[in-house]
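Undergrad: Input entry26.cif, format and content: mmCIF, C-alpha atoms.
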```
data_start
loop_
_atom_site.group_PDB
_atom_site.id
_atom_site.type_symbol
_atom_site.label_atom_id
_atom_site.label_comp_id
_atom_site.auth_asym_id
_atom_site.auth_seq_id
_atom_site.Cartn_x
_atom_site.Cartn_y
_atom_site.Cartn_z
ATOM 1 C CA MET A 1 110.402 93.026 96.545
ATOM 2 C CA TYR A 2 112.522 96.143 96.417
ATOM 3 C CA ARG A 3 111.517 99.776 96.762
ATOM 4 C CA ALA A 4 113.579 102.255 94.782
ATOM 5 C CA LYS A 5 113.790 106.007 95.134
ATOM 6 C CA VAL A 6 114.885 107.594 91.871
ATOM 7 C CA VAL A 7 116.000 111.201 91.457
ATOM 8 C CA VAL A 8 116.211 112.629 87.945
ATOM 9 C CA THR A 9 117.928 116.001 87.576
ATOM 10 C CA LEU A 10 118.826 118.236 84.665
ATOM 11 C CA LYS A 11 122.493 118.254 83.735
ATOM 12 C CA LYS A 12 124.403 121.285 85.011
ATOM 13 C CA SER A 13 124.799 122.713 81.498
ATOM 14 C CA VAL A 14 121.046 122.596 80.786
ATOM 15 C CA MET A 15 118.937 125.688 81.454
ATOM 16 C CA ASP A 16 116.189 125.217 84.042
ATOM 17 C CA PRO A 17 113.377 127.730 83.408
ATOM 18 C CA GLN A 18 111.110 126.012 85.943
ATOM 19 C CA GLY A 19 113.737 126.418 88.654
ATOM 20 C CA ALA A 20 114.284 130.054 87.675
ATOM 21 C CA THR A 21 110.543 130.708 87.944
ATOM 22 C CA ILE A 22 110.401 129.173 91.419
ATOM 23 C CA ARG A 23 113.423 131.247 92.447
ATOM 24 C CA SER A 24 111.768 134.459 91.330
ATOM 25 C CA ALA A 25 108.465 133.462 92.972
ATOM 26 C CA LEU A 26 110.316 132.895 96.252
ATOM 27 C CA GLU A 27 111.912 136.317 95.892
ATOM 28 C CA SER A 28 108.491 137.901 95.306
ATOM 29 C CA LEU A 29 107.275 136.252 98.502
ATOM 30 C CA GLY A 30 110.088 137.970 100.386
ATOM 31 C CA TYR A 31 112.622 135.166 100.720
ATOM 32 C CA SER A 32 116.031 136.707 100.231
ATOM 33 C CA GLY A 33 119.271 134.793 99.811
ATOM 34 C CA VAL A 34 117.826 132.047 97.615
ATOM 35 C CA ASP A 35 120.562 131.599 95.079
ATOM 36 C CA ASN A 36 120.077 128.675 92.832
ATOM 37 C CA VAL A 37 116.967 126.571 92.322
ATOM 38 C CA ARG A 38 117.064 123.450 90.192
ATOM 39 C CA MET A 39 113.955 121.385 89.596
ATOM 40 C CA GLY A 40 113.973 117.639 89.106
ATOM 41 C CA LYS A 41 111.775 114.576 89.331
ATOM 42 C CA PHE A 42 111.405 112.074 92.116
ATOM 43 C CA LEU A 43 109.987 108.596 91.640
ATOM 44 C CA GLU A 44 109.232 105.792 94.052
ATOM 45 C CA ILE A 45 109.003 102.417 92.360
ATOM 46 C CA ASP A 46 108.386 98.923 93.741
ATOM 47 C CA ILE A 47 110.086 96.151 91.811
ATOM 48 C CA ALA A 48 109.360 92.487 92.330
ATOM 49 C CA GLU A 49 112.672 90.690 91.832
ATOM 50 C CA THR A 50 114.424 87.893 93.679
ATOM 51 C CA THR A 51 117.799 89.609 94.106
ATOM 52 C CA ARG A 52 118.936 93.185 94.584
ATOM 53 C CA ASP A 53 121.298 92.799 91.650
ATOM 54 C CA LYS A 54 118.494 91.938 89.234
ATOM 55 C CA ALA A 55 116.287 94.722 90.562
ATOM 56 C CA GLU A 56 119.070 97.302 90.200
ATOM 57 C CA LYS A 57 119.872 96.154 86.676
ATOM 58 C CA LYS A 58 116.209 96.396 85.672
ATOM 59 C CA LEU A 59 115.813 99.840 87.234
ATOM 60 C CA ASP A 60 118.989 101.150 85.607
ATOM 61 C CA ASP A 61 117.621 99.991 82.277
ATOM 62 C CA MET A 62 114.215 101.633 82.920
ATOM 63 C CA CYS A 63 115.909 104.896 83.896
ATOM 64 C CA GLY A 64 117.903 105.004 80.669
ATOM 65 C CA ARG A 65 114.954 104.096 78.447
ATOM 66 C CA LEU A 66 111.906 105.810 79.943
ATOM 67 C CA LEU A 67 112.346 107.565 83.259
ATOM 68 C CA SER A 68 115.039 110.006 82.188
ATOM 69 C CA ASN A 69 116.278 111.619 79.009
ATOM 70 C CA PRO A 70 120.005 110.774 78.965
ATOM 71 C CA VAL A 71 120.763 113.690 76.635
ATOM 72 C CA ILE A 72 119.824 116.359 79.166
ATOM 73 C CA GLU A 73 119.274 114.520 82.464
ATOM 74 C CA ASN A 74 121.188 112.531 85.055
ATOM 75 C CA TYR A 75 119.644 110.017 87.410
ATOM 76 C CA THR A 76 120.554 108.401 90.699
ATOM 77 C CA PHE A 77 118.673 105.846 92.746
ATOM 78 C CA GLU A 78 118.822 103.994 95.992
ATOM 79 C CA MET A 79 117.050 100.770 96.789
ATOM 80 C CA GLU A 80 115.825 99.087 99.937
ATOM 81 C CA GLU A 81 114.418 95.613 100.402
ATOM 82 C CA LEU A 82 110.788 95.431 101.525
ATOM 83 C CA LYS A 83 110.213 92.654 104.042
ATOM 84 C CA MET B 1 125.637 128.993 102.315
ATOM 85 C CA TYR B 2 123.598 125.824 102.512
ATOM 86 C CA ARG B 3 122.449 123.487 99.765
ATOM 87 C CA ALA B 4 119.125 121.769 100.351
ATOM 88 C CA LYS B 5 117.648 118.781 98.581
ATOM 89 C CA VAL B 6 113.871 118.803 98.854
ATOM 90 C CA VAL B 7 111.590 115.894 97.980
ATOM 91 C CA VAL B 8 107.864 116.586 97.601
ATOM 92 C CA THR B 9 105.597 113.541 97.358
ATOM 93 C CA LEU B 10 101.865 113.021 97.130
ATOM 94 C CA LYS B 11 100.223 111.783 100.319
ATOM 95 C CA LYS B 12 99.484 108.064 100.328
ATOM 96 C CA SER B 13 95.739 108.642 100.104
ATOM 97 C CA VAL B 14 96.011 110.831 96.995
ATOM 98 C CA MET B 15 95.640 109.226 93.569
ATOM 99 C CA ASP B 16 98.697 109.525 91.331
ATOM 100 C CA PRO B 17 97.636 109.343 87.666
ATOM 101 C CA GLN B 18 101.116 110.329 86.484
ATOM 102 C CA GLY B 19 102.648 107.423 88.368
ATOM 103 C CA ALA B 20 99.994 105.065 87.025
ATOM 104 C CA THR B 21 100.779 106.179 83.467
ATOM 105 C CA ILE B 22 104.498 105.565 83.954
ATOM 106 C CA ARG B 23 103.731 102.139 85.419
ATOM 107 C CA SER B 24 101.661 101.173 82.415
ATOM 108 C CA ALA B 25 104.285 102.576 80.009
ATOM 109 C CA LEU B 26 106.923 100.432 81.729
ATOM 110 C CA GLU B 27 104.675 97.399 81.354
ATOM 111 C CA SER B 28 104.215 98.161 77.627
ATOM 112 C CA LEU B 29 108.002 98.265 77.286
ATOM 113 C CA GLY B 30 108.158 94.748 78.691
ATOM 114 C CA TYR B 31 109.169 95.427 82.302
ATOM 115 C CA SER B 32 107.245 92.993 84.453
ATOM 116 C CA GLY B 33 107.032 93.088 88.228
ATOM 117 C CA VAL B 34 106.751 96.861 88.520
ATOM 118 C CA ASP B 35 104.163 97.249 91.217
ATOM 119 C CA ASN B 36 103.702 100.720 92.422
ATOM 120 C CA VAL B 37 104.967 103.939 90.868
ATOM 121 C CA ARG B 38 104.575 107.255 92.658
ATOM 122 C CA MET B 39 105.737 110.464 91.103
ATOM 123 C CA GLY B 40 107.047 113.412 93.056
ATOM 124 C CA LYS B 41 109.156 116.522 92.732
ATOM 125 C CA PHE B 42 112.786 117.067 93.566
ATOM 126 C CA LEU B 43 114.327 120.488 94.179
ATOM 127 C CA GLU B 44 117.861 121.614 94.844
ATOM 128 C CA ILE B 45 118.030 125.024 96.476
ATOM 129 C CA ASP B 46 120.966 127.106 97.685
ATOM 130 C CA ILE B 47 120.217 129.309 100.651
ATOM 131 C CA ALA B 48 122.527 132.031 101.913
ATOM 132 C CA GLU B 49 122.179 132.045 105.689
ATOM 133 C CA THR B 50 124.631 132.302 108.533
ATOM 134 C CA THR B 51 123.439 129.284 110.522
ATOM 135 C CA ARG B 52 121.929 125.921 109.624
ATOM 136 C CA ASP B 53 119.049 126.618 111.985
ATOM 137 C CA LYS B 54 118.023 129.784 110.153
ATOM 138 C CA ALA B 55 118.388 128.117 106.775
ATOM 139 C CA GLU B 56 116.235 125.157 107.833
ATOM 140 C CA LYS B 57 113.564 127.419 109.268
ATOM 141 C CA LYS B 58 113.446 129.472 106.066
ATOM 142 C CA LEU B 59 113.281 126.369 103.882
ATOM 143 C CA ASP B 60 110.551 124.790 106.002
ATOM 144 C CA ASP B 61 108.540 127.959 105.590
ATOM 145 C CA MET B 62 109.102 128.032 101.805
ATOM 146 C CA CYS B 63 108.053 124.387 101.525
ATOM 147 C CA GLY B 64 104.771 125.046 103.329
ATOM 148 C CA ARG B 65 103.965 128.202 101.385
ATOM 149 C CA LEU B 66 105.155 127.618 97.832
ATOM 150 C CA LEU B 67 107.087 124.442 97.126
ATOM 151 C CA SER B 68 104.433 121.984 98.241
ATOM 152 C CA ASN B 69 100.684 121.882 98.637
ATOM 153 C CA PRO B 70 100.178 120.780 102.265
ATOM 154 C CA VAL B 71 96.652 119.533 101.525
ATOM 155 C CA ILE B 72 97.809 116.745 99.228
ATOM 156 C CA GLU B 73 101.599 116.622 99.544
ATOM 157 C CA ASN B 74 104.312 115.837 102.057
ATOM 158 C CA TYR B 75 107.842 117.158 101.923
ATOM 159 C CA THR B 76 111.189 116.203 103.350
ATOM 160 C CA PHE B 77 114.555 117.852 102.964
ATOM 161 C CA GLU B 78 118.171 117.461 103.875
ATOM 162 C CA MET B 79 120.735 120.196 103.988
ATOM 163 C CA GLU B 80 124.494 120.358 103.647
ATOM 164 C CA GLU B 81 126.816 123.270 104.219
ATOM 165 C CA LEU B 82 128.682 124.537 101.163
ATOM 166 C CA LYS B 83 132.265 125.506 101.984
#
```
As structure tokens, what does this structure read like?

TA:
Amino acid sequence: MYRAKVVVTLKKSVMDPQGATIRSALESLGYSGVDNVRMGKFLEIDIAETTRDKAEKKLDDMCGRLLSNPVIENYTFEMEELK
Amino acid sequence: MYRAKVVVTLKKSVMDPQGATIRSALESLGYSGVDNVRMGKFLEIDIAETTRDKAEKKLDDMCGRLLSNPVIENYTFEMEELK
């Protein structure tokens, strides 16, 4: 069993209105010096596979097909074995 | 200038319908062995401060007030200095 932490972020060239809204909300609350806010998704997924290789291949496939939109998003993940 | 990566996750005891939906969508797509999906938020924030200590204090404060809901969510962050 492997536990993966997946981070999905918008590509640099893609506008991030949600991030901009958070930035302006922080400014309204009095936080100065907040320069650049980008919003993304975080997922924790447990995968039952016998080897790390198989689990990583499956997760990579899932990320490309469902968990991210490859046109506008990038994804990274790291994986640890659950004992 | 410091760049922070913030991860906001639901507390273990809080139901995660979004994660459950993703899990069942993955199953429909034919991915077996996916056991537990938890959805969270990821934020990248640039903070202009002179010391890491000040930047971390400011970010911790922002996380508690705006970026997360302390009743149902936990947050973690890491910070790197931008040269």

Undergrad: Using CA of Leu67 in chain B and CA of Pro17 in chain B as the two end points, give the distance in Å to one decimal.

TA: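 Calculated distance between CA of Leu67 in chain B and CA of Pro17 in chain B is 20.2 Å.
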
Undergrad: Using only C-alpha atoms, find which residues of chain A lie within 8 Å of chain B and jot them down as a ChimeraX atom specification.

TA: /A:7-9,26,31,33-49,58,62,66

Undergrad: So the first atom is CA of Thr21 in chain A and the second is CA of Thr21 in chain B; what is the distance between them in Å, to one decimal place?

TA: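 Computing the Euclidean distance for CA of Thr21 in chain A and CA of Thr21 in chain B yields 26.8 Å.
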
Undergrad: Separation of CA of Leu82 in chain B and CA of Gly64 in chain B, in Å?

TA: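 These atoms are spaced 24.0 Å apart.
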
Undergrad: Spell out the residues picked by the PyMOL selection byres ((chain A and resi 73) around 8) here, as a list in words.

TA: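 Residues picked by the PyMOL selection byres ((chain A and resi 73) around 8): Val8, Thr9, Leu10, Lys11, Ser68, Asn69, Pro70, Val71, Ile72, Asn74 and Tyr75 of chain A.
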
Undergrad: Counting only C-alpha atoms, select every polymer residue within 9 Å of (114.9, 118.5, 108.8) as defined in the file's coordinates, and provide the selection as a VMD selection string.

TA: chain B and resid 56 60 76 to 79

Undergrad: Using all atoms of range 1-20 of chain B listed in the file and a margin of 6 Å per side, can you give the axis-aligned box centre and edge lengths in Å to one decimal, as JSON?

TA:
```
{"center_x": 110.6, "center_y": 117.0, "center_z": 94.5, "size_x": 42.0, "size_y": 35.9, "size_z": 28.0}
```

Undergrad: Output requested as an mmCIF file, keeping the file's coordinate frame - range 35-46 of chain B, filled out with all heavy atoms.

TA:
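The resulting file, rebuild-v3.cif, is reproduced below:
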```
data_model
loop_
_atom_site.group_PDB
_atom_site.id
_atom_site.type_symbol
_atom_site.label_atom_id
_atom_site.label_comp_id
_atom_site.auth_asym_id
_atom_site.auth_seq_id
_atom_site.Cartn_x
_atom_site.Cartn_y
_atom_site.Cartn_z
ATOM 1 N N ASP B 35 105.409 97.351 90.470
ATOM 2 C CA ASP B 35 104.163 97.249 91.217
ATOM 3 C C ASP B 35 103.497 98.554 91.561
ATOM 4 O O ASP B 35 102.299 98.644 91.686
ATOM 5 C CB ASP B 35 104.434 96.512 92.531
ATOM 6 C CG ASP B 35 103.935 95.094 92.427
ATOM 7 O OD1 ASP B 35 103.562 94.710 91.306
ATOM 8 O OD2 ASP B 35 103.899 94.390 93.453
ATOM 9 N N ASN B 36 104.256 99.531 91.799
ATOM 10 C CA ASN B 36 103.702 100.720 92.422
ATOM 11 C C ASN B 36 104.625 101.852 92.021
ATOM 12 O O ASN B 36 105.793 101.841 92.355
ATOM 13 C CB ASN B 36 103.715 100.509 93.953
ATOM 14 C CG ASN B 36 103.212 101.702 94.706
ATOM 15 O OD1 ASN B 36 102.352 102.435 94.230
ATOM 16 N ND2 ASN B 36 103.759 101.923 95.885
ATOM 17 N N VAL B 37 104.127 102.813 91.265
ATOM 18 C CA VAL B 37 104.967 103.939 90.868
ATOM 19 C C VAL B 37 104.319 105.211 91.382
ATOM 20 O O VAL B 37 103.147 105.479 91.113
ATOM 21 C CB VAL B 37 105.133 104.020 89.330
ATOM 22 C CG1 VAL B 37 105.995 105.213 88.951
ATOM 23 C CG2 VAL B 37 105.741 102.738 88.787
ATOM 24 N N ARG B 38 105.064 105.976 92.150
ATOM 25 C CA ARG B 38 104.575 107.255 92.658
ATOM 26 C C ARG B 38 105.525 108.346 92.202
ATOM 27 O O ARG B 38 106.749 108.215 92.313
ATOM 28 C CB ARG B 38 104.529 107.256 94.202
ATOM 29 C CG ARG B 38 103.683 106.158 94.810
ATOM 30 C CD ARG B 38 102.213 106.440 94.742
ATOM 31 N NE ARG B 38 101.804 107.504 95.647
ATOM 32 C CZ ARG B 38 100.547 107.950 95.733
ATOM 33 N NH1 ARG B 38 99.601 107.416 94.960
ATOM 34 N NH2 ARG B 38 100.228 108.920 96.554
ATOM 35 N N MET B 39 104.952 109.386 91.673
ATOM 36 C CA MET B 39 105.737 110.464 91.103
ATOM 37 C C MET B 39 105.797 111.624 92.091
ATOM 38 O O MET B 39 104.802 111.935 92.744
ATOM 39 C CB MET B 39 105.028 110.905 89.824
ATOM 40 C CG MET B 39 105.726 111.946 89.023
ATOM 41 S SD MET B 39 106.974 111.214 87.960
ATOM 42 C CE MET B 39 107.898 112.681 87.528
ATOM 43 N N GLY B 40 106.927 112.254 92.188
ATOM 44 C CA GLY B 40 107.047 113.412 93.056
ATOM 45 C C GLY B 40 107.958 114.455 92.436
ATOM 46 O O GLY B 40 108.341 114.347 91.277
ATOM 47 N N LYS B 41 108.279 115.466 93.220
ATOM 48 C CA LYS B 41 109.156 116.522 92.732
ATOM 49 C C LYS B 41 110.440 116.536 93.546
ATOM 50 O O LYS B 41 110.442 116.212 94.734
ATOM 51 C CB LYS B 41 108.472 117.881 92.879
ATOM 52 C CG LYS B 41 107.355 118.111 91.887
ATOM 53 C CD LYS B 41 106.680 119.455 92.112
ATOM 54 C CE LYS B 41 105.765 119.415 93.318
ATOM 55 N NZ LYS B 41 105.056 120.682 93.567
ATOM 56 N N PHE B 42 111.509 116.934 92.897
ATOM 57 C CA PHE B 42 112.786 117.067 93.566
ATOM 58 C C PHE B 42 113.313 118.470 93.312
ATOM 59 O O PHE B 42 113.244 118.967 92.188
ATOM 60 C CB PHE B 42 113.773 116.032 93.024
ATOM 61 C CG PHE B 42 115.164 116.181 93.563
ATOM 62 C CD1 PHE B 42 115.519 115.631 94.779
ATOM 63 C CD2 PHE B 42 116.113 116.879 92.852
ATOM 64 C CE1 PHE B 42 116.798 115.784 95.285
ATOM 65 C CE2 PHE B 42 117.405 117.039 93.342
ATOM 66 C CZ PHE B 42 117.744 116.474 94.563
ATOM 67 N N LEU B 43 113.788 119.139 94.341
ATOM 68 C CA LEU B 43 114.327 120.488 94.179
ATOM 69 C C LEU B 43 115.671 120.609 94.875
ATOM 70 O O LEU B 43 115.861 120.084 95.982
ATOM 71 C CB LEU B 43 113.383 121.518 94.806
ATOM 72 C CG LEU B 43 112.089 121.775 94.060
ATOM 73 C CD1 LEU B 43 110.924 121.719 95.025
ATOM 74 C CD2 LEU B 43 112.137 123.137 93.401
ATOM 75 N N GLU B 44 116.592 121.285 94.215
ATOM 76 C CA GLU B 44 117.861 121.614 94.844
ATOM 77 C C GLU B 44 117.900 123.127 94.989
ATOM 78 O O GLU B 44 117.686 123.848 94.011
ATOM 79 C CB GLU B 44 119.006 121.123 93.970
ATOM 80 C CG GLU B 44 120.305 120.958 94.719
ATOM 81 C CD GLU B 44 121.391 120.391 93.823
ATOM 82 O OE1 GLU B 44 121.968 121.178 93.036
ATOM 83 O OE2 GLU B 44 121.636 119.182 93.889
ATOM 84 N N ILE B 45 118.111 123.590 96.196
ATOM 85 C CA ILE B 45 118.030 125.024 96.476
ATOM 86 C C ILE B 45 119.227 125.464 97.312
ATOM 87 O O ILE B 45 119.547 124.831 98.322
ATOM 88 C CB ILE B 45 116.734 125.353 97.255
ATOM 89 C CG1 ILE B 45 115.503 124.890 96.469
ATOM 90 C CG2 ILE B 45 116.631 126.833 97.561
ATOM 91 C CD1 ILE B 45 114.199 125.184 97.159
ATOM 92 N N ASP B 46 119.890 126.527 96.882
ATOM 93 C CA ASP B 46 120.966 127.106 97.685
ATOM 94 C C ASP B 46 120.429 128.277 98.494
ATOM 95 O O ASP B 46 119.762 129.158 97.947
ATOM 96 C CB ASP B 46 122.104 127.604 96.781
ATOM 97 C CG ASP B 46 122.838 126.451 96.133
ATOM 98 O OD1 ASP B 46 122.549 125.292 96.485
ATOM 99 O OD2 ASP B 46 123.686 126.716 95.264
#
```
